[in-house]
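Have a look at target20.cif below; it lists mmCIF, C-alpha atoms.
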```cif
data_query
#
loop_
_atom_site.label_atom_id
_atom_site.label_comp_id
_atom_site.auth_asym_id
_atom_site.auth_seq_id
_atom_site.Cartn_x
_atom_site.Cartn_y
_atom_site.Cartn_z
CA MET A 140 91.74 118.90 66.70
CA THR A 141 91.64 120.58 70.11
CA ALA A 142 92.47 119.84 73.73
CA LEU A 143 90.04 117.83 75.82
CA THR A 144 86.98 119.54 77.25
CA GLU A 145 86.14 119.55 80.96
CA GLU A 146 83.46 116.95 80.27
CA PHE A 147 85.93 114.48 78.81
CA ASP A 148 88.50 115.36 81.45
CA SER A 149 85.97 114.46 84.14
CA ARG A 150 84.92 111.29 82.32
CA PHE A 151 88.54 110.16 82.14
CA ALA A 152 89.12 110.83 85.85
CA GLN A 153 88.21 107.34 87.13
CA ALA A 154 90.04 105.66 84.26
CA ARG A 155 93.14 107.69 85.14
CA GLN A 156 93.20 106.11 88.61
CA ILE A 157 93.73 102.75 86.92
CA ALA A 158 96.02 104.30 84.33
CA ASP A 159 98.16 105.78 87.10
CA ALA A 160 98.63 102.30 88.55
CA VAL A 161 99.87 101.31 85.07
CA LEU A 162 101.87 104.48 84.55
CA PHE A 163 103.80 104.08 87.80
CA GLU A 164 103.84 100.28 88.09
CA GLY A 165 107.33 99.39 89.22
CA TYR A 166 108.34 103.07 89.24
CA VAL A 167 110.18 102.63 92.53
CA LEU A 168 110.09 99.32 94.40
CA TYR A 169 110.40 98.49 98.07
CA PRO A 170 112.63 99.36 99.92
CA TYR A 171 112.21 102.56 97.84
CA ARG A 172 115.92 103.40 97.70
CA ALA A 173 117.98 104.05 94.59
CA SER A 174 120.75 101.87 96.05
CA ALA A 175 118.51 98.77 96.15
CA ALA A 176 119.39 96.25 93.43
CA LYS A 177 115.76 95.94 92.29
CA ASN A 178 115.66 99.69 91.57
CA ARG A 179 118.65 99.64 89.24
CA LEU A 180 116.76 98.10 86.31
CA ARG A 181 113.61 100.14 85.79
CA TRP A 182 110.85 100.99 83.34
CA GLN A 183 109.55 97.50 82.55
CA PHE A 184 106.14 98.11 80.97
CA GLY A 185 105.03 99.95 77.84
CA VAL A 186 108.48 101.24 76.88
CA LEU A 187 108.56 102.62 73.33
CA VAL A 188 112.17 103.24 72.32
CA PRO A 189 113.49 105.09 69.24
CA PRO A 190 113.46 102.82 66.16
CA CYS A 191 117.25 102.62 66.00
CA TRP A 192 117.34 100.91 69.41
CA GLY A 193 114.31 98.68 68.99
CA GLU A 194 115.98 96.19 66.66
CA ASP A 195 118.72 95.19 69.07
CA SER A 196 117.32 95.99 72.52
CA GLY A 197 114.28 93.72 72.50
CA GLU A 198 112.04 96.74 73.18
CA HIS A 199 109.42 98.06 70.76
CA SER A 200 109.07 101.41 69.05
CA HIS A 201 105.28 101.29 68.57
CA GLN A 202 101.96 100.23 70.08
CA ARG A 203 98.85 99.33 68.11
CA THR A 204 95.35 99.47 69.60
CA GLU A 205 92.40 98.15 67.62
CA CYS A 206 88.82 97.98 68.86
CA LEU A 207 85.20 98.34 67.77
CA MET A 208 83.10 101.39 68.51
CA GLU A 209 79.51 102.41 67.86
CA PRO A 210 79.56 106.19 67.42
CA ARG A 211 76.44 108.28 67.00
CA PRO A 212 75.86 111.05 64.43
CA GLY A 213 77.85 114.15 65.34
CA ASP A 214 79.91 112.22 67.91
CA ARG A 215 83.40 113.26 68.97
CA LEU A 216 86.38 111.07 69.76
CA ALA A 217 88.75 112.02 72.58
CA VAL A 218 92.27 110.60 72.59
CA GLU A 219 94.74 110.94 75.44
CA LEU A 220 98.20 109.42 75.15
CA ARG A 221 99.94 109.30 78.54
CA PHE A 222 103.50 108.27 79.27
CA LEU A 223 106.48 109.01 81.47
CA ARG A 224 109.52 110.83 80.21
CA ALA A 225 112.78 109.95 81.90
CA GLN A 226 114.51 112.88 83.58
CA ARG A 227 118.06 112.33 84.80
CA ARG A 228 118.79 113.96 88.14
CA THR A 229 122.38 114.51 89.25
CA VAL A 230 123.50 115.71 92.66
CA GLU A 231 126.15 118.40 93.11
CA ARG A 232 127.78 119.66 96.29
CA ALA A 233 128.55 123.32 96.84
CA LEU A 234 132.29 124.05 97.04
CA PRO A 235 133.66 126.42 99.71
CA GLY A 236 135.22 128.72 97.12
CA GLY A 237 132.15 128.76 94.89
CA GLY A 238 130.88 126.42 92.20
CA PHE A 239 129.64 122.85 92.42
CA GLU A 240 130.96 119.33 91.94
CA PRO A 241 129.02 116.10 91.21
CA VAL A 242 128.75 113.65 94.12
CA GLU A 243 127.19 110.22 94.64
CA GLU A 244 125.49 111.28 97.85
CA LEU A 245 124.55 114.49 99.64
CA GLU A 246 123.26 114.31 103.21
CA LEU A 247 120.56 116.68 104.38
CA ALA A 248 118.78 116.71 107.70
CA ASP A 249 115.71 114.83 106.44
CA ARG A 250 116.97 113.29 103.20
CA VAL A 251 119.96 111.67 101.57
CA MET A 252 120.07 112.92 97.98
CA VAL A 253 121.40 110.51 95.34
CA PRO A 254 121.45 110.50 91.53
CA TRP A 255 118.20 109.12 90.09
CA ASP A 256 116.10 108.98 86.93
CA GLU A 257 112.77 110.63 87.66
CA GLY A 258 109.63 110.12 85.62
CA VAL A 259 107.79 113.18 84.33
CA GLU A 260 104.20 112.62 83.22
CA GLU A 261 103.43 113.74 79.67
CA ARG A 262 100.07 113.91 77.87
CA ILE A 263 99.23 114.24 74.20
CA GLU A 264 95.53 115.12 73.80
CA LEU A 265 93.25 115.16 70.77
CA LEU A 266 89.55 115.91 70.41
CA LEU A 267 88.19 115.46 66.90
CA PRO A 268 84.96 114.63 65.06
CA VAL A 269 84.48 110.88 64.92
CA THR A 270 84.34 111.15 61.12
CA GLU A 271 87.97 112.29 60.79
CA PRO A 272 89.70 108.94 61.50
CA ALA A 273 87.89 107.49 58.49
CA GLU A 274 90.06 109.78 56.36
CA GLY A 275 93.17 109.05 58.42
CA VAL A 276 94.64 111.29 61.12
CA VAL A 277 98.38 111.78 61.64
CA HIS A 278 99.38 113.83 64.68
CA PRO A 279 103.13 114.26 65.26
CA PHE A 280 104.46 115.59 68.57
CA HIS A 281 107.86 116.84 69.69
CA LEU A 282 109.03 117.29 73.27
CA LEU A 283 112.09 119.50 73.54
CA ALA A 284 115.17 118.81 75.61
CA GLY A 285 115.44 120.84 78.80
CA GLU A 286 117.29 121.43 82.05
CA ASP A 287 116.14 122.57 85.50
CA ILE A 288 118.21 123.41 88.55
CA GLU A 289 117.03 123.19 92.17
CA ILE A 290 119.17 124.87 94.82
CA LEU A 291 119.44 123.09 98.18
CA HIS A 292 119.73 125.08 101.42
CA GLU A 293 119.79 124.13 105.10
CA GLU A 294 119.38 126.87 107.67
CA ASP A 295 120.09 129.47 104.97
CA VAL A 296 123.40 127.74 104.12
CA LEU A 297 123.97 126.68 100.51
CA ILE A 298 124.48 122.91 100.53
CA GLY A 299 124.33 121.97 96.87
CA ARG A 300 121.98 121.64 93.95
CA LEU A 301 120.04 119.14 91.85
CA VAL A 302 120.40 119.28 88.08
CA ARG A 303 117.60 117.68 86.06
CA ARG A 304 118.09 117.08 82.34
CA ARG A 305 115.57 115.82 79.80
CA GLU A 306 116.36 114.70 76.28
CA SER A 307 114.18 115.35 73.24
CA VAL A 308 111.43 112.87 72.34
CA GLU A 309 109.50 112.72 69.08
CA GLY A 310 106.50 110.62 68.23
CA VAL A 311 103.34 110.36 66.19
CA LEU A 312 99.74 109.29 66.72
CA ARG A 313 98.02 107.63 63.73
CA LEU A 314 94.26 107.10 63.73
CA THR A 315 92.18 105.25 61.17
CA ALA A 316 88.62 103.94 61.18
CA CYS A 317 86.54 101.83 58.83
CA ALA A 318 83.00 100.48 58.85
CA VAL A 319 82.39 96.91 60.04
CA PRO A 320 80.36 94.92 57.50
CA GLY A 321 76.84 94.09 58.69
CA PRO A 322 73.61 95.77 59.77
CA TYR A 323 75.14 97.50 62.80
CA ALA A 324 76.70 100.98 62.62
CA ALA A 325 79.98 99.81 64.11
CA GLN A 326 83.47 100.92 63.15
CA ARG A 327 86.90 99.42 63.64
CA LEU A 328 89.15 102.05 65.21
CA THR A 329 92.93 101.70 64.97
CA VAL A 330 95.29 103.92 66.96
CA VAL A 331 99.04 103.49 66.51
CA VAL A 332 101.56 105.21 68.78
CA GLU A 333 105.11 105.44 67.41
CA ASN A 334 108.35 106.74 68.82
CA THR A 335 109.99 108.48 65.85
CA THR A 336 112.98 110.01 67.64
CA VAL A 337 115.95 110.11 65.27
CA ARG A 338 119.25 108.55 66.29
CA THR A 339 121.15 110.70 68.76
CA ALA A 340 123.53 108.03 70.02
CA ALA A 341 124.73 104.66 68.78
CA PRO A 342 122.61 101.65 69.83
CA ALA A 343 125.76 100.31 71.47
CA ALA A 344 125.23 102.98 74.14
CA GLY A 345 122.70 100.60 75.65
CA ARG A 346 119.24 100.68 77.15
CA GLU A 347 120.02 103.47 79.61
CA ALA A 348 120.72 105.86 76.74
CA ALA A 349 117.62 104.71 74.86
CA LEU A 350 115.38 105.35 77.87
CA GLN A 351 116.23 109.04 77.81
CA HIS A 352 114.45 109.28 74.43
CA SER A 353 111.64 106.79 75.13
CA LEU A 354 107.95 106.87 75.89
CA VAL A 355 107.78 104.96 79.18
CA SER A 356 104.61 103.16 80.41
CA ALA A 357 102.79 104.45 77.33
CA HIS A 358 99.02 103.89 77.30
CA LEU A 359 95.90 105.38 75.72
CA LEU A 360 92.57 106.67 76.96
CA LEU A 361 89.82 106.83 74.33
CA GLY A 362 86.40 108.38 74.84
CA LEU A 363 83.19 109.04 72.93
CA ASP A 364 80.66 111.81 73.51
CA ARG A 365 77.54 109.67 73.14
CA GLY A 366 78.56 106.44 71.47
CA SER A 367 80.10 103.36 73.04
CA PHE A 368 83.00 100.95 72.71
CA LEU A 369 82.59 97.18 72.57
CA SER A 370 84.38 94.83 74.91
CA VAL A 371 87.29 92.96 73.35
CA THR A 372 87.01 90.11 75.87
CA ASP A 373 83.20 89.75 75.98
CA PRO A 374 81.68 91.32 72.85
CA PRO A 375 78.04 90.84 71.81
CA GLU A 376 77.45 87.76 69.67
CA TRP A 377 77.04 89.72 66.44
CA ALA A 378 80.46 91.36 66.90
CA ARG A 379 82.55 88.32 67.92
CA GLU A 380 83.97 87.66 64.48
CA ALA A 381 84.84 91.32 63.91
CA VAL A 382 86.45 91.60 67.36
CA ALA A 383 88.48 88.46 66.70
CA GLN A 384 89.98 90.22 63.69
CA CYS A 385 91.22 93.16 65.79
CA ARG A 386 95.00 93.26 66.04
CA ASN A 387 96.51 94.69 69.22
CA GLU A 388 100.28 94.90 69.55
CA HIS A 389 102.12 95.54 72.84
CA THR A 390 98.94 96.81 74.51
CA TRP A 391 95.47 95.58 75.44
CA PRO A 392 92.18 97.58 75.38
CA VAL A 393 89.53 97.24 78.11
CA LEU A 394 86.37 99.13 78.96
CA ALA A 395 87.03 101.62 81.75
CA GLY A 396 84.87 103.51 84.19
CA PRO A 397 81.92 102.18 86.22
CA PRO A 398 80.43 98.83 85.16
CA GLY A 399 77.65 99.25 82.63
CA ARG A 400 79.24 102.29 80.97
CA CYS A 401 81.11 101.88 77.72
CA ARG A 402 82.14 105.39 76.67
CA VAL A 403 85.75 105.14 77.87
CA LEU A 404 88.38 102.64 76.82
CA LEU A 405 91.82 102.17 78.38
CA SER A 406 94.53 100.54 76.26
CA SER A 407 97.23 99.37 78.64
CA PRO A 408 100.60 97.58 78.30
CA ILE A 409 99.45 95.43 81.25
CA ILE A 410 96.54 93.06 80.59
CA LEU A 411 93.49 94.05 82.64
CA GLU A 412 89.85 93.02 82.77
CA ASP A 413 86.95 95.25 81.73
CA HIS A 414 86.05 97.98 84.22
CA PRO A 415 89.10 97.55 86.48
CA SER A 416 89.05 99.43 89.77
CA ILE A 417 91.36 100.29 92.63
CA ALA A 418 90.62 98.37 95.83
CA PRO A 419 88.75 100.77 98.15
CA GLU A 420 90.87 99.56 101.07
CA SER A 421 94.10 100.75 99.44
CA PRO A 422 95.25 103.87 101.31
CA GLY A 423 97.46 105.23 98.52
CA ALA A 424 99.92 104.47 95.74
CA LEU A 425 102.73 102.10 96.71
CA TYR A 426 104.18 101.69 93.17
CA ASP A 427 104.83 97.99 93.77
CA ALA A 428 101.73 96.00 92.83
CA THR A 429 103.66 92.73 93.03
CA GLU A 430 103.37 93.04 96.81
CA ILE A 431 100.39 92.92 99.17
CA ASP A 432 99.56 96.36 100.58
CA GLU A 433 99.51 95.15 104.18
CA ILE A 434 102.91 93.47 103.98
CA LEU A 435 104.39 96.39 102.07
CA ALA A 436 103.13 98.93 104.60
CA LEU A 437 104.49 96.92 107.54
CA ARG A 438 107.88 96.43 105.89
CA THR A 439 108.12 100.10 104.96
CA ALA A 440 107.28 101.23 108.49
CA ALA A 441 110.05 98.92 109.78
CA LEU A 442 112.83 100.57 107.70
CA THR A 443 115.60 102.24 109.68
CA ASP A 444 115.75 106.04 109.93
CA ARG A 445 118.73 106.07 107.58
CA GLU A 446 116.85 103.94 105.01
CA LYS A 447 113.83 106.23 105.22
CA ARG A 448 116.00 109.30 104.69
CA GLU A 449 117.54 107.72 101.60
CA ALA A 450 114.08 106.79 100.29
CA ARG A 451 112.89 110.38 100.74
CA GLY A 452 115.96 111.56 98.87
CA THR A 453 115.47 109.04 96.08
CA ASP A 454 112.15 110.38 94.82
CA GLU A 455 109.24 112.50 96.05
CA ARG A 456 106.87 109.60 95.37
CA ALA A 457 109.04 107.27 97.45
CA GLY A 458 109.03 109.85 100.24
CA ALA A 459 105.23 109.94 100.10
CA VAL A 460 105.13 106.16 100.60
CA ILE A 461 107.38 106.46 103.67
CA ASP A 462 105.16 109.17 105.13
CA LEU A 463 102.05 107.11 104.39
CA ALA A 464 103.43 104.03 106.16
CA ASP A 465 104.59 106.08 109.15
CA SER A 466 101.23 107.83 109.58
CA MET A 467 98.88 104.91 108.88
CA PRO A 468 96.48 104.48 111.84
CA PRO A 469 95.77 100.95 113.15
CA GLU A 470 92.22 100.89 111.79
CA VAL A 471 93.48 101.56 108.24
CA LEU A 472 96.18 98.90 108.56
CA GLU A 473 93.59 96.43 109.86
CA ARG A 474 91.42 97.16 106.82
CA LEU A 475 94.26 95.94 104.60
CA HIS A 476 94.20 92.51 106.23
CA GLY A 477 91.55 91.16 103.87
CA ALA A 478 88.21 91.75 102.24
CA VAL A 479 85.33 89.75 100.80
CA ARG A 480 84.88 90.91 97.21
CA GLY A 481 81.56 89.24 96.51
CA LEU A 482 78.83 87.09 98.00
CA ARG A 483 76.07 85.34 96.16
CA GLU A 484 72.63 85.10 97.68
CA ILE A 485 71.34 81.63 98.50
CA THR A 486 67.54 81.39 98.32
CA GLY A 487 66.05 80.02 101.50
CA ASN A 488 69.31 80.07 103.42
CA VAL A 489 68.80 79.88 107.18
CA PRO A 490 71.02 82.19 109.30
CA GLY A 491 73.64 80.21 111.14
CA ARG A 492 73.42 77.24 108.76
CA PRO A 493 76.00 76.43 106.05
CA TRP A 494 75.10 77.35 102.48
CA TRP A 495 74.89 73.62 101.66
CA ASP A 496 74.20 70.84 104.14
CA PRO A 497 74.16 67.23 102.84
CA GLY A 498 71.75 66.37 105.62
CA ASP A 499 69.18 68.75 104.14
CA ASP A 500 69.78 67.75 100.54
CA PRO A 501 67.25 65.08 99.45
CA GLU A 502 69.60 64.01 96.66
CA ALA A 503 72.50 63.33 99.06
CA ASP A 504 72.53 60.49 101.60
CA PRO A 505 76.16 59.69 102.49
CA GLU A 506 75.24 56.69 104.68
CA HIS A 507 73.08 54.98 102.03
CA ASP A 508 74.48 56.22 98.71
CA ARG A 509 76.30 53.67 96.60
CA VAL A 510 78.94 53.91 93.89
CA VAL A 511 79.83 51.29 91.29
CA VAL A 512 83.46 50.06 91.31
CA ASN A 513 84.42 47.44 88.72
CA GLY A 514 80.75 46.53 88.26
CA ARG A 515 80.03 46.13 92.00
CA GLN A 516 78.17 48.34 94.47
CA VAL A 517 80.28 50.00 97.16
CA GLY A 518 78.86 51.96 100.09
CA ALA A 519 78.88 52.34 103.86
CA GLY A 520 79.88 49.02 105.44
CA SER A 521 81.90 47.76 102.45
CA ARG A 522 85.39 46.45 103.14
CA VAL A 523 88.03 47.63 100.65
CA VAL A 524 91.75 47.54 99.95
CA LEU A 525 93.35 50.97 99.60
CA ARG A 526 95.32 51.66 96.39
CA PRO A 527 96.10 55.41 96.52
CA GLY A 528 96.92 57.03 93.18
CA ARG A 529 100.49 58.27 93.10
CA ARG A 530 99.78 61.41 91.08
CA ARG A 531 97.17 62.96 93.33
CA THR A 532 98.05 61.91 96.87
CA ASP A 533 100.56 62.61 99.61
CA ALA A 534 103.05 60.51 101.54
CA GLN A 535 100.60 59.84 104.38
CA ASP A 536 98.18 58.10 102.02
CA LEU A 537 100.97 56.14 100.34
CA PHE A 538 101.78 54.56 103.72
CA LEU A 539 98.29 53.02 103.61
CA ASP A 540 98.82 51.29 100.27
CA GLY A 541 97.52 47.70 100.58
CA ARG A 542 95.80 48.26 103.95
CA THR A 543 92.18 47.23 104.42
CA ALA A 544 89.56 49.77 105.39
CA LEU A 545 85.86 50.14 106.11
CA VAL A 546 83.80 52.55 104.00
CA GLU A 547 81.86 54.91 106.29
CA ALA A 548 80.13 57.11 103.71
CA VAL A 549 79.90 58.01 100.01
CA LEU A 550 80.24 61.75 99.47
CA HIS A 551 79.56 63.90 96.41
CA ASP A 552 81.23 67.32 96.17
CA VAL A 553 79.91 70.41 94.38
CA ASP A 554 82.14 69.69 91.38
CA GLY A 555 80.50 66.29 90.82
CA SER A 556 83.39 64.17 92.12
CA VAL A 557 82.80 61.14 94.37
CA HIS A 558 84.83 60.48 97.54
CA LEU A 559 84.78 57.47 99.86
CA ALA A 560 85.19 58.25 103.56
CA VAL A 561 86.99 55.31 105.23
CA THR A 562 88.48 54.21 108.52
CA VAL A 563 91.55 51.97 108.39
CA GLU A 564 91.11 48.56 109.97
CA ASP A 565 93.44 47.73 112.87
CA ASP A 566 93.85 51.47 113.52
CA PRO A 567 93.71 51.89 117.36
CA GLY A 568 92.17 55.35 116.92
CA ALA A 569 89.48 54.29 114.43
CA ASP A 570 86.62 54.49 116.96
CA LEU A 571 87.71 57.93 118.12
CA TRP A 572 88.01 59.18 114.53
CA ARG A 573 84.57 57.76 113.74
CA ALA A 574 83.01 59.47 116.77
CA GLN A 575 84.50 62.80 115.74
CA GLY A 576 83.46 62.39 112.10
CA ARG A 577 87.07 62.39 110.94
CA PHE A 578 87.92 60.05 108.06
CA ARG A 579 90.42 59.44 105.30
CA TYR A 580 89.18 60.08 101.79
CA PHE A 581 89.85 58.15 98.59
CA GLN A 582 88.30 58.22 95.15
CA PRO A 583 86.58 55.09 93.69
CA ASP A 584 89.53 54.24 91.42
CA GLU A 585 91.81 54.15 94.48
CA ILE A 586 90.12 51.16 96.15
CA ALA A 587 89.45 47.48 95.44
CA LEU A 588 86.42 45.74 96.96
CA LEU A 589 87.15 42.80 99.25
CA GLU A 590 85.19 39.57 99.07
CA GLY A 591 83.18 38.43 102.07
CA PRO A 592 82.88 40.03 105.51
#
```

The structure in this file should be written as structure tokens.
Amino acid sequence: MTALTEEFDSRFAQARQIADAVLFEGYVLYPYRASAAKNRLRWQFGVLVPPCWGEDSGEHSHQRTECLMEPRPGDRLAVELRFLRAQRRTVERALPGGGFEPVEELELADRVMVPWDEGVEERIELLLPVTEPAEGVVHPFHLLAGEDIEILHEEDVLIGRLVRRRESVEGVLRLTACAVPGPYAAQRLTVVVENTTVRTAAPAAGREAALQHSLVSAHLLLGLDRGSFLSVTDPPEWAREAVAQCRNEHTWPVLAGPPGRCRVLLSSPIILEDHPSIAPESPGALYDATEIDEILALRTAALTDREKREARGTDERAGAVIDLADSMPPEVLERLHGAVRGLREITGNVPGRPWWDPGDDPEADPEHDRVVVNGRQVGAGSRVVLRPGRRRTDAQDLFLDGRTALVEAVLHDVDGSVHLAVTVEDDPGADLWRAQGRFRYFQPDEIALLEGP
């Protein structure tokens, strides 16, 4: 087992763009300040806590990914486990006589530094012959505790320091593979990620203590040299039964990379579709995918100077969002307003004409079409009593209950439903509505046919 080659590293590059959106989803939310209430409960997705906390906290200590792959002879399997490791940052002010003392806030010219839990990206990489998982692979890993100190100066004057502390994290990767019965050379690959950190504090210490020893936003990237993975959501017909037997726990595998390529699989704690991609209009990471980029950029640009300084002091990534919003040119902001993701070609479509025109459809004739209601023909010119259905109408239609109306046309929509266009009798504006082609619409079971003229 070795580290990933440049080839695999390059192949994973596009998948990592999606993985980064997963890795940092909810990392720091608008308004990007540590003091904001929504930023006081963090790390929502893919959190693998030590086993001693998992029983009582509602979090999990493992993920299980199971999928089908079709390796080729001599193939290699690349595995990349990515997660964030919580790093607690405290702020200390320099004392006049020497030394430092912890503070809740330290003002600098461009930032307001506050205590914060940063996320440090960690990777566990494996590259092994595809035959090894058949025998079972167990790969433990251990990340040591550590401490870093950053000294803060302004105009060569010592202001204070930041102390960053990381706790130890232990885990294990378990890989197994077995042949899928049938004529195809497919295998069922199982990858389990476990947090095996031993108890360092009582579970009563709470979630905050557990997070210091957790794998946060944990997800997997899997790759094959020459073989391919099968889609879990849309497998070929021969593999549907075998795919249905795959068991995925606390994560979901999808094909990654450009459409049509199946050599990379992303197993994410957030459910995605095959071949997910970042919107090309998106100017950068905003870490808050529950918002619309345009709205988020406008709101961020509207923060006060004090709020922006606190955001810059909260986290470097939050500071980058502030700078992005402040420097976004109008043409980039306009691009965020909306986009058409797909158009389907209509054969014979005439420029300037709608994609479907009932006047050009030989099967549609609103003025002469008829519909059967209670065994009787109803069409243009029929007089009816309106009986709007209470479950699929609004108050305006309910006011017309019991009124008589004249059917102007029978319309069929693209979903196969039938609608009756009517004008209400004794309505002073009926002639104007008719001239403008404006009608009220009811379904056949919402009318009763009147006798006589």

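The protein and nucleic acid residues lying at most 8 Å from Ser353 (chain A) are Val186, Leu187, Val188, Pro189, Arg224, Ala225, Val308 and Asn334 of chain A, with all atoms listed in the file considered and sequence neighbours fewer than 5 positions away removed.
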
Q | Surrounding residues of Leu291 (chain A) excluding itself and chain neighbours under 2 positions, 12 Å, only C-alpha atoms, as a PyMOL selection string | A | chain A and resi 230-233+239+245-248+250-252+288-289+293-302

Q.
One number please: CA of Val557 (chain A) to CA of Val510 (chain A), in Å, one decimal.
A. 8.2 Å

Q: Enumerate, as a VMD selection string, the residues matched when the PyMOL selection byres ((chain A and resi 369) around 8) is run on the file above.
A: chain A and resid 206 to 209 367 to 368 370 to 371 374 to 375 394 401

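In this model, the gap between CA of Ala478 (chain A) and CA of Leu463 (chain A) comes to 20.8 Å.
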
Can you tell me, as a PDB file with C-alpha atoms, keeping the file's coordinate frame, what residues are no more than 9 Å from His551 (chain A) when counting all atoms listed in the file, ignoring any on the same chain fewer than 6 positions away?
```pdb
ATOM      1  CA  ALA A 503      72.500  63.330  99.060  1.00  0.00           C
ATOM      2  CA  PRO A 505      76.160  59.690 102.490  1.00  0.00           C
ATOM      3  CA  VAL A 557      82.800  61.140  94.370  1.00  0.00           C
ATOM      4  CA  HIS A 558      84.830  60.480  97.540  1.00  0.00           C
ATOM      5  CA  LEU A 559      84.780  57.470  99.860  1.00  0.00           C
TER       6      LEU A 559
END
```

(Q) Take the PyMOL selection byres ((chain A and resi 311) around 7), run it mentally on this structure, and tell me the resulting residues as a PyMOL selection string. (A) chain A and resi 277-280+310+312-313+332-335

Q: Would you translate the PyMOL selection byres ((chain A and resi 473) around 12) into the concrete set of residues it matches in this file, as a PyMOL selection string?
A: chain A and resi 420-422+432-434+436-437+467-472+474-478

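Of note, CA of Arg327 (chain A) and CA of Ala160 (chain A) are spaced 27.7 Å apart.
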